[in-house]
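Student: First the structure, then my questions, so here it is.
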Amino acid sequence: MLASLPSPSEGVFHLGPLPLRMYGIMIAIGVIAGLRLGEKETERLGGNARHFASAAAWGVVAGLIGARLYHVATSWEKFGDNLGDIPKVWQGGLGVPGGLLAGIGVGLWRARRLGAPVSLMATAAEPAIPLAQAIGRWGNWWNQELFGRPTELPWGLRIDPVNRPAAYVGNETFHPTFLYESLFNLALCAALLLVSRRVRLKPGRLMALYVAGYAFGRFFVEGLRIDEAKRGGGLRLNQWTAV
């Protein structure tokens, strides 16, 4: 147990009467970091950073809505009798596939409405998205959620008994899948930046590399997770989505 990763005992702090939920704060930090990187990439490519910021703002809002709706739709058994829980994003529950579909789609629509070059905006956005994801994933650490199978590896994540699935209540350390996905997204961000600078790609190809790269990593990380999920053919739903 000396060689393991700790989990926060509390994910909510109070500033007077105002609750500060670390899940949301990590997502916000990720969005800000991604926005700054996207603006810099837009300027490097010869575009207007203000147009990128406007398109990104629309994309972020749409992405959060899409991610929540994806989670609700694929976990309806949790919400069918508790509709009031649907807006409670701070409790966790954002599905990346829904967020990407809605966020990228609306962001590019907004760029077109602004008269900005859509392919340039897409190229600038692609390294920014995995950077935001890498930081936002730490919200799962604060919530002690979405961890993987039990492990005795030195980087096993300690989980409080109250947050362990019933079948694993006797286990103390689990694969930190949030960390695996965070590190993979950072590596993907660096790879996309390198490709963008070293290789002349046709418009839209960098987005294709991001989607393929993220899906590849998510397939294996998803396979480690033990949270309740729909399954079929030996795979979890999000693994099929990645495929």
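Convention: chains lettered A, B, ... in structure tokens order; per-chain residue numbering from 1; ligands numbered from 1 as shown.
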What lies within 12 Å of Glu41 (chain A) using only C-alpha atoms, ignoring chain neighbours under 2 positions off, as a list in words?
Tutor: Gly34, Leu35, Arg36, Leu37, Gly38, Glu39, Glu43, Arg44, Leu45, Gly46, Gly47, Asn48, Ala49, Phe52, Ala53, Leu120, Met121, Ala122, Thr123, Ala124, Ala125, Glu126, Pro127, Ala128, Leu192, Leu193, Leu194, Ser196 and Arg197 of chain A
Student: Output N, CA and C atoms for every residue in the selection just made, as a CSV table (one decimal), in the first residue's frame.
Tutor:
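Result went into selection.csv, see below:
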```csv
chain,number,residue,atom,x,y,z
A,34,GLY,N,-7.2,24.4,-23.6
A,34,GLY,CA,-7.5,24.1,-25.0
A,34,GLY,C,-7.7,25.3,-25.8
A,35,LEU,N,-8.5,26.2,-25.3
A,35,LEU,CA,-8.8,27.5,-26.0
A,35,LEU,C,-7.5,28.2,-26.3
A,36,ARG,N,-6.6,28.4,-25.3
A,36,ARG,CA,-5.4,29.1,-25.6
A,36,ARG,C,-4.6,28.4,-26.6
A,37,LEU,N,-4.4,27.1,-26.6
A,37,LEU,CA,-3.7,26.4,-27.6
A,37,LEU,C,-4.3,26.6,-29.0
A,38,GLY,N,-5.6,26.4,-29.0
A,38,GLY,CA,-6.3,26.6,-30.3
A,38,GLY,C,-6.1,28.0,-30.9
A,39,GLU,N,-6.2,29.0,-30.1
A,39,GLU,CA,-5.9,30.4,-30.6
A,39,GLU,C,-4.5,30.5,-31.1
A,43,GLU,N,-3.5,31.4,-35.1
A,43,GLU,CA,-2.6,32.5,-35.5
A,43,GLU,C,-1.4,32.0,-36.3
A,44,ARG,N,-0.9,30.8,-35.9
A,44,ARG,CA,0.3,30.2,-36.6
A,44,ARG,C,-0.1,29.9,-38.0
A,45,LEU,N,-1.4,29.4,-38.2
A,45,LEU,CA,-1.8,29.0,-39.5
A,45,LEU,C,-2.4,30.2,-40.3
A,46,GLY,N,-2.3,31.4,-39.7
A,46,GLY,CA,-2.7,32.6,-40.5
A,46,GLY,C,-4.2,32.9,-40.3
A,47,GLY,N,-4.9,32.4,-39.3
A,47,GLY,CA,-6.3,32.7,-39.1
A,47,GLY,C,-6.5,33.7,-38.0
A,48,ASN,N,-7.8,34.0,-37.8
A,48,ASN,CA,-8.2,35.0,-36.8
A,48,ASN,C,-8.5,34.3,-35.5
A,49,ALA,N,-7.7,34.6,-34.4
A,49,ALA,CA,-7.9,33.9,-33.1
A,49,ALA,C,-9.3,34.3,-32.5
A,52,PHE,N,-11.7,31.9,-33.8
A,52,PHE,CA,-11.6,30.6,-33.2
A,52,PHE,C,-12.2,30.6,-31.8
A,53,ALA,N,-12.0,31.7,-31.0
A,53,ALA,CA,-12.6,31.8,-29.7
A,53,ALA,C,-14.1,31.7,-29.7
A,120,LEU,N,-9.2,25.4,-41.7
A,120,LEU,CA,-8.1,26.0,-40.8
A,120,LEU,C,-8.5,25.9,-39.4
A,121,MET,N,-9.8,26.2,-39.1
A,121,MET,CA,-10.3,26.1,-37.7
A,121,MET,C,-10.3,24.7,-37.2
A,122,ALA,N,-10.6,23.7,-38.0
A,122,ALA,CA,-10.6,22.3,-37.6
A,122,ALA,C,-9.2,21.9,-37.3
A,123,THR,N,-8.2,22.3,-38.2
A,123,THR,CA,-6.8,22.0,-37.9
A,123,THR,C,-6.3,22.6,-36.6
A,124,ALA,N,-6.7,23.8,-36.3
A,124,ALA,CA,-6.2,24.4,-35.1
A,124,ALA,C,-6.9,23.8,-33.9
A,125,ALA,N,-8.1,23.3,-34.0
A,125,ALA,CA,-8.8,22.8,-32.9
A,125,ALA,C,-8.3,21.4,-32.5
A,126,GLU,N,-7.8,20.6,-33.4
A,126,GLU,CA,-7.5,19.2,-33.1
A,126,GLU,C,-6.5,19.0,-32.0
A,127,PRO,N,-5.4,19.7,-32.0
A,127,PRO,CA,-4.5,19.4,-30.8
A,127,PRO,C,-5.1,20.0,-29.5
A,128,ALA,N,-6.0,21.0,-29.6
A,128,ALA,CA,-6.6,21.6,-28.4
A,128,ALA,C,-7.5,20.7,-27.7
A,192,LEU,N,-0.1,15.4,-32.6
A,192,LEU,CA,-0.9,16.2,-33.6
A,192,LEU,C,-0.2,17.5,-33.9
A,193,LEU,N,0.4,18.1,-32.9
A,193,LEU,CA,1.2,19.3,-33.1
A,193,LEU,C,2.4,19.1,-34.0
A,194,LEU,N,3.0,17.9,-33.7
A,194,LEU,CA,4.2,17.6,-34.5
A,194,LEU,C,3.8,17.4,-36.0
A,196,SER,N,1.2,18.4,-37.5
A,196,SER,CA,0.7,19.7,-38.1
A,196,SER,C,1.9,20.6,-38.6
A,197,ARG,N,3.0,20.5,-38.0
A,197,ARG,CA,4.2,21.3,-38.3
A,197,ARG,C,5.1,20.6,-39.3
```
Student: Could you pull out the strand (DSSP E) residues of region 10-152 of chain A from DSSP and send them as an NGL selection string?
Tutor: :A and (12-15 or 18-21)
Student: With a distance cut-off of 12 Å and only C-alpha atoms, select the neighbouring residues of region 230-239 of chain A, excluding the residue or stretch itself and same-chain residues fewer than 6 positions from it, and output the selection as JSON, numbers by chain.
Tutor: {"A": [70, 71, 73, 74, 75, 76, 77, 95, 96, 97, 98, 214, 215, 216, 217, 218, 219, 220, 221, 222, 223, 224]}
Student: Between CA of Trp138 (chain A) and CA of Met22 (chain A), what distance in Å does the model show, to one decimal?
Tutor: 8.8 Å
Student: Excluding Ala56 (chain A) and residues on its chain fewer than 6 positions from it, collect all residues at most 9 Å away from it, counting only C-alpha atoms, and give them as a list in words.
Tutor: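 Listing them by chain and then by number gives Leu35, Gly38, Gly103, Ile104, Val106, Gly107, Leu108, Arg110, Ala111 and Ala125 of chain A.
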Student: What lies within 9 Å of region 175-182 of chain A using only C-alpha atoms, ignoring chain neighbours under 3 positions off, as a count of residues only?
Tutor: 34
Student: If you count only C-alpha atoms, which residues fall within 12 Å of Tyr23 (chain A), apart from same-chain ones fewer than 4 positions away, as a list in words?
Tutor: Pro8, Glu10, Gly11, Val12, Phe13, Pro19, Ile27, Ala28, Ile29, Gly30, Lys88, Val89, Trp90, Gln91, Gly92, Gly93, Leu94, Ile135, Gly136, Arg137, Trp138, Gly139, Asn140, Trp141, Trp142, Asn143, Gln144 and Glu145 of chain A
Student: Could you write out that same residue set with N, CA and C atoms as an mmCIF file, in the first residue's frame?
Tutor:
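Done, and the output landed in out.cif:
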```cif
data_model
loop_
_atom_site.group_PDB
_atom_site.id
_atom_site.type_symbol
_atom_site.label_atom_id
_atom_site.label_comp_id
_atom_site.auth_asym_id
_atom_site.auth_seq_id
_atom_site.Cartn_x
_atom_site.Cartn_y
_atom_site.Cartn_z
ATOM 1 N N PRO A 8 -8.424 11.755 -3.619
ATOM 2 C CA PRO A 8 -8.888 12.826 -2.733
ATOM 3 C C PRO A 8 -10.037 12.337 -1.855
ATOM 4 N N GLU A 10 -12.213 14.336 -0.584
ATOM 5 C CA GLU A 10 -13.339 15.247 -0.796
ATOM 6 C C GLU A 10 -13.192 15.909 -2.153
ATOM 7 N N GLY A 11 -14.285 15.969 -2.909
ATOM 8 C CA GLY A 11 -14.253 16.587 -4.229
ATOM 9 C C GLY A 11 -14.977 17.910 -4.287
ATOM 10 N N VAL A 12 -15.467 18.384 -3.135
ATOM 11 C CA VAL A 12 -16.186 19.652 -3.076
ATOM 12 C C VAL A 12 -15.602 20.494 -1.947
ATOM 13 N N PHE A 13 -15.292 21.737 -2.247
ATOM 14 C CA PHE A 13 -14.806 22.671 -1.246
ATOM 15 C C PHE A 13 -15.752 23.867 -1.213
ATOM 16 N N PRO A 19 -20.329 26.284 -3.139
ATOM 17 C CA PRO A 19 -19.613 25.015 -3.290
ATOM 18 C C PRO A 19 -18.745 25.035 -4.548
ATOM 19 N N ILE A 27 -12.697 20.477 -15.590
ATOM 20 C CA ILE A 27 -13.200 20.642 -16.955
ATOM 21 C C ILE A 27 -12.967 22.074 -17.427
ATOM 22 N N ALA A 28 -13.220 23.049 -16.541
ATOM 23 C CA ALA A 28 -13.036 24.453 -16.907
ATOM 24 C C ALA A 28 -11.566 24.756 -17.215
ATOM 25 N N ILE A 29 -10.659 24.229 -16.400
ATOM 26 C CA ILE A 29 -9.230 24.443 -16.656
ATOM 27 C C ILE A 29 -8.838 23.830 -17.995
ATOM 28 N N GLY A 30 -9.370 22.641 -18.278
ATOM 29 C CA GLY A 30 -9.080 22.004 -19.555
ATOM 30 C C GLY A 30 -9.583 22.822 -20.730
ATOM 31 N N LYS A 88 -27.520 17.181 -13.360
ATOM 32 C CA LYS A 88 -26.487 17.189 -12.319
ATOM 33 C C LYS A 88 -25.155 16.686 -12.856
ATOM 34 N N VAL A 89 -24.583 17.485 -13.741
ATOM 35 C CA VAL A 89 -23.328 17.122 -14.393
ATOM 36 C C VAL A 89 -22.198 16.988 -13.382
ATOM 37 N N TRP A 90 -22.255 17.789 -12.300
ATOM 38 C CA TRP A 90 -21.172 17.789 -11.325
ATOM 39 C C TRP A 90 -21.010 16.445 -10.623
ATOM 40 N N GLN A 91 -22.007 15.584 -10.705
ATOM 41 C CA GLN A 91 -21.904 14.259 -10.103
ATOM 42 C C GLN A 91 -21.154 13.284 -11.006
ATOM 43 N N GLY A 92 -20.717 13.761 -12.161
ATOM 44 C CA GLY A 92 -20.048 12.901 -13.126
ATOM 45 C C GLY A 92 -21.038 12.418 -14.170
ATOM 46 N N GLY A 93 -20.500 11.945 -15.281
ATOM 47 C CA GLY A 93 -21.367 11.409 -16.315
ATOM 48 C C GLY A 93 -21.375 12.249 -17.577
ATOM 49 N N LEU A 94 -20.242 12.266 -18.289
ATOM 50 C CA LEU A 94 -20.142 12.933 -19.581
ATOM 51 C C LEU A 94 -19.585 11.925 -20.576
ATOM 52 N N ILE A 135 -6.729 17.262 -19.276
ATOM 53 C CA ILE A 135 -6.890 17.966 -18.000
ATOM 54 C C ILE A 135 -8.248 17.649 -17.380
ATOM 55 N N GLY A 136 -9.283 17.648 -18.189
ATOM 56 C CA GLY A 136 -10.629 17.389 -17.678
ATOM 57 C C GLY A 136 -10.780 16.019 -17.049
ATOM 58 N N ARG A 137 -10.015 15.023 -17.537
ATOM 59 C CA ARG A 137 -10.112 13.665 -16.981
ATOM 60 C C ARG A 137 -9.775 13.611 -15.491
ATOM 61 N N TRP A 138 -9.026 14.597 -14.991
ATOM 62 C CA TRP A 138 -8.692 14.592 -13.575
ATOM 63 C C TRP A 138 -9.909 14.853 -12.697
ATOM 64 N N GLY A 139 -11.003 15.299 -13.301
ATOM 65 C CA GLY A 139 -12.243 15.413 -12.542
ATOM 66 C C GLY A 139 -12.712 14.057 -12.036
ATOM 67 N N ASN A 140 -12.437 12.991 -12.820
ATOM 68 C CA ASN A 140 -12.793 11.641 -12.375
ATOM 69 C C ASN A 140 -11.987 11.223 -11.148
ATOM 70 N N TRP A 141 -10.758 11.694 -11.063
ATOM 71 C CA TRP A 141 -9.931 11.407 -9.880
ATOM 72 C C TRP A 141 -10.548 12.028 -8.637
ATOM 73 N N TRP A 142 -10.984 13.281 -8.767
ATOM 74 C CA TRP A 142 -11.602 13.954 -7.622
ATOM 75 C C TRP A 142 -12.895 13.275 -7.207
ATOM 76 N N ASN A 143 -13.626 12.696 -8.156
ATOM 77 C CA ASN A 143 -14.889 12.036 -7.849
ATOM 78 C C ASN A 143 -14.727 10.562 -7.482
ATOM 79 N N GLN A 144 -13.509 10.043 -7.553
ATOM 80 C CA GLN A 144 -13.250 8.618 -7.332
ATOM 81 C C GLN A 144 -14.187 7.761 -8.184
ATOM 82 N N GLU A 145 -14.106 7.940 -9.495
ATOM 83 C CA GLU A 145 -15.007 7.235 -10.400
ATOM 84 C C GLU A 145 -14.262 6.796 -11.654
#
```
Student: Using only C-alpha atoms, can you tell me which of A:Gly213, A:Gly84, A:Pro203, A:Pro154 comes closest to Pro6 (chain A)?
Tutor: A:Pro154
